[in-house]
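Enquirer: The structure file my_file-v6.pdb (PDB, C-alpha atoms) is provided below.
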ATOM      1  CA  MET A   1     -35.539 -12.199  14.914
ATOM      2  CA  ASP A   2     -36.134 -11.972  18.646
ATOM      3  CA  TRP A   3     -34.454  -9.465  20.979
ATOM      4  CA  GLY A   4     -32.211 -12.110  22.597
ATOM      5  CA  ALA A   5     -30.654 -13.100  19.259
ATOM      6  CA  LEU A   6     -30.174  -9.451  18.324
ATOM      7  CA  ARG A   7     -28.394  -8.742  21.634
ATOM      8  CA  ARG A   8     -26.145 -11.789  21.195
ATOM      9  CA  ARG A   9     -25.137 -10.748  17.678
ATOM     10  CA  THR A  10     -24.502  -7.201  18.830
ATOM     11  CA  ALA A  11     -22.395  -8.448  21.742
ATOM     12  CA  VAL A  12     -20.332 -10.725  19.452
ATOM     13  CA  GLY A  13     -19.831  -7.851  16.990
ATOM     14  CA  MET A  14     -18.736  -5.462  19.737
ATOM     15  CA  ALA A  15     -16.321  -8.062  21.159
ATOM     16  CA  ALA A  16     -14.752  -8.554  17.722
ATOM     17  CA  LEU A  17     -14.461  -4.803  17.253
ATOM     18  CA  ALA A  18     -12.827  -4.364  20.675
ATOM     19  CA  ALA A  19     -10.374  -7.214  20.007
ATOM     20  CA  SER A  20      -9.335  -5.733  16.660
ATOM     21  CA  GLY A  21      -8.829  -2.340  18.331
ATOM     22  CA  VAL A  22      -6.609  -3.887  20.996
ATOM     23  CA  LEU A  23      -4.549  -5.677  18.343
ATOM     24  CA  ALA A  24      -4.190  -2.501  16.305
ATOM     25  CA  LEU A  25      -2.916  -0.604  19.342
ATOM     26  CA  ALA A  26      -0.569  -3.400  20.441
ATOM     27  CA  ALA A  27       1.017  -4.004  17.027
ATOM     28  CA  PRO A  28       2.962  -0.713  16.711
ATOM     29  CA  GLY A  29       4.449  -1.077  20.205
ATOM     30  CA  SER A  30       5.628  -4.606  19.534
ATOM     31  CA  ALA A  31       7.173  -3.483  16.249
ATOM     32  CA  GLN A  32       9.068  -0.734  18.089
ATOM     33  CA  ALA A  33      10.365  -3.195  20.665
ATOM     34  CA  ALA A  34      11.532  -5.592  17.976
ATOM     35  CA  ALA A  35      13.448  -2.963  15.973
ATOM     36  CA  PRO A  36      15.183  -0.432  18.243
ATOM     37  CA  THR A  37      17.752   0.613  15.628
ATOM     38  CA  GLN A  38      15.672   2.864  13.351
ATOM     39  CA  CYS A  39      18.022   2.170  10.428
ATOM     40  CA  ALA A  40      16.548   1.323   7.063
ATOM     41  CA  GLY A  41      17.848  -1.513   4.961
ATOM     42  CA  ARG A  42      19.518  -4.840   5.526
ATOM     43  CA  LYS A  43      21.891  -5.550   8.403
ATOM     44  CA  VAL A  44      25.337  -6.188   6.914
ATOM     45  CA  ALA A  45      27.522  -6.309  10.033
ATOM     46  CA  THR A  46      27.460  -6.522  13.802
ATOM     47  CA  LEU A  47      30.689  -5.414  15.456
ATOM     48  CA  PRO A  48      30.768  -6.566  19.088
ATOM     49  CA  PHE A  49      33.063  -5.192  21.784
ATOM     50  CA  SER A  50      33.302  -5.513  25.562
ATOM     51  CA  THR A  51      30.638  -2.936  26.505
ATOM     52  CA  GLY A  52      28.320  -3.055  23.477
ATOM     53  CA  SER A  53      28.067  -3.533  19.740
ATOM     54  CA  VAL A  54      27.758  -1.537  16.536
ATOM     55  CA  GLN A  55      25.137  -2.598  14.009
ATOM     56  CA  VAL A  56      25.669  -1.584  10.371
ATOM     57  CA  PHE A  57      22.896  -1.459   7.760
ATOM     58  CA  ARG A  58      22.918  -0.809   4.018
ATOM     59  CA  SER A  59      20.093   0.395   1.810
ATOM     60  CA  GLY A  60      20.866   1.372  -1.764
ATOM     61  CA  GLY A  61      23.893   3.636  -1.644
ATOM     62  CA  TYR A  62      23.363   4.574   2.024
ATOM     63  CA  VAL A  63      25.042   3.099   5.099
ATOM     64  CA  CYS A  64      23.529   3.529   8.566
ATOM     65  CA  ALA A  65      24.940   2.546  11.971
ATOM     66  CA  VAL A  66      23.901   2.513  15.630
ATOM     67  CA  THR A  67      25.798   1.670  18.809
ATOM     68  CA  LEU A  68      23.929  -0.438  21.370
ATOM     69  CA  PRO A  69      25.178  -0.963  24.929
ATOM     70  CA  THR A  70      25.401  -4.430  26.462
ATOM     71  CA  ARG A  71      23.456  -3.142  29.489
ATOM     72  CA  PRO A  72      20.933  -0.441  28.547
ATOM     73  CA  GLY A  73      19.459   1.629  31.340
ATOM     74  CA  PRO A  74      21.521   4.284  33.071
ATOM     75  CA  ARG A  75      22.896   7.161  31.022
ATOM     76  CA  GLN A  76      26.377   6.452  29.783
ATOM     77  CA  VAL A  77      28.750   7.973  27.258
ATOM     78  CA  MET A  78      28.178   6.469  23.802
ATOM     79  CA  SER A  79      29.127   7.370  20.263
ATOM     80  CA  VAL A  80      28.787   6.127  16.706
ATOM     81  CA  SER A  81      30.581   7.408  13.628
ATOM     82  CA  VAL A  82      30.224   6.502   9.940
ATOM     83  CA  GLN A  83      32.594   7.814   7.284
ATOM     84  CA  ALA A  84      32.536   7.119   3.554
ATOM     85  CA  ARG A  85      36.031   7.003   2.041
ATOM     86  CA  GLY A  86      36.938  10.524   0.919
ATOM     87  CA  GLY A  87      34.232  12.136   3.051
ATOM     88  CA  ARG A  88      33.874  13.511   6.555
ATOM     89  CA  PRO A  89      32.586  11.319   9.380
ATOM     90  CA  VAL A  90      29.026  11.733  10.631
ATOM     91  CA  VAL A  91      29.045  11.410  14.430
ATOM     92  CA  ASP A  92      26.462  11.065  17.193
ATOM     93  CA  ARG A  93      28.060  11.390  20.633
ATOM     94  CA  GLY A  94      26.538  11.961  24.062
ATOM     95  CA  ARG A  95      25.110  10.398  27.219
ATOM     96  CA  PHE A  96      22.374   7.992  26.187
ATOM     97  CA  THR A  97      20.385   5.186  27.815
ATOM     98  CA  ARG A  98      19.620   2.878  24.856
ATOM     99  CA  ARG A  99      21.662   3.743  21.760
ATOM    100  CA  ALA A 100      23.841   6.240  19.940
ATOM    101  CA  GLY A 101      22.635   6.999  16.457
ATOM    102  CA  PRO A 102      21.377   6.224  13.974
ATOM    103  CA  VAL A 103      23.793   8.035  11.668
ATOM    104  CA  THR A 104      23.574   7.694   7.891
ATOM    105  CA  VAL A 105      25.953   8.585   5.054
ATOM    106  CA  HIS A 106      25.678   8.261   1.312
ATOM    107  CA  ALA A 107      28.512   5.915   0.435
ATOM    108  CA  GLY A 108      27.600   4.914  -3.104
ATOM    109  CA  HIS A 109      30.130   2.207  -3.996
ATOM    110  CA  ARG A 110      32.827   3.522  -1.640
ATOM    111  CA  CYS A 111      34.240   1.812   1.443
ATOM    112  CA  VAL A 112      33.027   2.984   4.842
ATOM    113  CA  ARG A 113      34.599   3.133   8.287
ATOM    114  CA  VAL A 114      32.394   2.647  11.342
ATOM    115  CA  ILE A 115      33.467   3.419  14.931
ATOM    116  CA  GLY A 116      31.336   2.848  18.011
ATOM    117  CA  SER A 117      31.959   3.202  21.736
ATOM    118  CA  VAL A 118      30.150   2.695  25.029
ATOM    119  CA  GLY A 119      31.918   3.793  28.209
ATOM    120  CA  GLY A 120      35.518   2.584  28.005
ATOM    121  CA  GLY A 121      34.992   0.015  25.241
ATOM    122  CA  SER A 122      35.082   0.736  21.529
ATOM    123  CA  ARG A 123      35.319  -0.864  18.095
ATOM    124  CA  ASP A 124      36.774   0.460  14.843
ATOM    125  CA  SER A 125      35.752  -1.501  11.741
ATOM    126  CA  GLY A 126      38.524  -0.297   9.488
ATOM    127  CA  TRP A 127      37.470   0.145   5.837
ATOM    128  CA  ILE A 128      34.592  -2.251   5.136
ATOM    129  CA  LEU A 129      31.877  -2.855   2.517
ATOM    130  CA  CYS A 130      34.326  -2.173  -0.305
TER     131      CYS A 130
END
Give the structure from the file, written as structure tokens.
Expert:
Amino acid sequence: MDWGALRRRTAVGMAALAASGVLALAAPGSAQAAAPTQCAGRKVATLPFSTGSVQVFRSGGYVCAVTLPTRPGPRQVMSVSVQARGGRPVVDRGRFTRRAGPVTVHAGHRCVRVIGSVGGGSRDSGWILC
């Protein structure tokens, strides 16, 4: 094998290695952008309201919820609350830019109540997932 062929093969190998490294670094960031909720499980409800929405997920006996604003960006008052029937609510409240939550409760086979708010708008699910 001559030196020219060896250099070409080395260059092709290095290009492939660099491309795989770029893809490996880009993949986690794109996964984060696609799934901002951080809740495990399957989405079972989206509860829209004037200033945002509450997304509800279920995995096994657990229920998780997040509140997402219609316009993310500046800090604004947001909250999300999940309560299994017969239990105390789990609440995340504060001034956030992208979401309130996630909050998770063990519901088993009990109904849950989810409440979310962004600014002046809010949504109460009532007892759901019974």
Enquirer: Could you spell out the hits of the PyMOL selection byres ((chain A and resi 43-59) around 9) on the shown file, as a ChimeraX atom specification?
Expert: /A:37,39-42,60-71,80,114-125,129
Enquirer: Compare A:Arg113, A:Trp127, A:Gly108, A:Met78 by their minimum atom-to-atom distance to Gly94 in chain A, counting only C-alpha atoms, and give me the closest one.
Expert: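 Going through A:Arg113, A:Trp127, A:Gly108, A:Met78 one by one, the smallest distance to Gly94 in chain A is for A:Met78.
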Enquirer: Skip Arg88 in chain A itself and residues of its chain fewer than 2 positions away, then list as a ChimeraX atom specification all residues within 12 Å of it, counting all atoms listed in the file.
Expert: /A:81-86,90-91,104-107,112-114
Enquirer: Export, as a JSON list (two decimals), keeping the file's coordinate frame, the selected residues with C-alpha atoms.
Expert:
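Output file out_19.json follows:
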[["chain", "number", "residue", "atom", "x", "y", "z"],
["A", 81, "SER", "CA", 30.58, 7.41, 13.63],
["A", 82, "VAL", "CA", 30.22, 6.50, 9.94],
["A", 83, "GLN", "CA", 32.59, 7.81, 7.28],
["A", 84, "ALA", "CA", 32.54, 7.12, 3.55],
["A", 85, "ARG", "CA", 36.03, 7.00, 2.04],
["A", 86, "GLY", "CA", 36.94, 10.52, 0.92],
["A", 90, "VAL", "CA", 29.03, 11.73, 10.63],
["A", 91, "VAL", "CA", 29.04, 11.41, 14.43],
["A", 104, "THR", "CA", 23.57, 7.69, 7.89],
["A", 105, "VAL", "CA", 25.95, 8.59, 5.05],
["A", 106, "HIS", "CA", 25.68, 8.26, 1.31],
["A", 107, "ALA", "CA", 28.51, 5.92, 0.44],
["A", 112, "VAL", "CA", 33.03, 2.98, 4.84],
["A", 113, "ARG", "CA", 34.60, 3.13, 8.29],
["A", 114, "VAL", "CA", 32.39, 2.65, 11.34]]
Enquirer: Grab the CA of Arg75 in chain A to CA of Arg95 in chain A distance for me, in Å with one decimal place.
Expert: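 Interatomic distance, CA of Arg75 in chain A to CA of Arg95 in chain A: 5.5 Å.
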Enquirer: Kindly give the distance, in Å, that separates CA of Thr97 in chain A and CA of Ser79 in chain A, rounded to a single decimal.
Expert: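 Going from CA of Thr97 in chain A over to CA of Ser79 in chain A, I get 11.8 Å.
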Enquirer: CA of Pro74 in chain A and CA of Gly126 in chain A are how many Å apart?
Expert: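 Computed distance, CA of Pro74 in chain A to CA of Gly126 in chain A, equals 29.4 Å.
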Enquirer: Find, counting only C-alpha atoms, the residue in A:Ile128, A:Pro102, A:Cys111, A:Phe96 that gets nearest to Val77 in chain A.
Expert: A:Phe96
Enquirer: Could you work out an axis-aligned box for range 92-104 of chain A, taking every atom the file lists and adding 6 Å on each side, and report centre and edge lengths in Å to one decimal, as AutoDock Vina command-line options?
Expert:
--center_x 23.8 --center_y 7.4 --center_z 17.9 --size_x 20.4 --size_y 21.1 --size_z 31.9
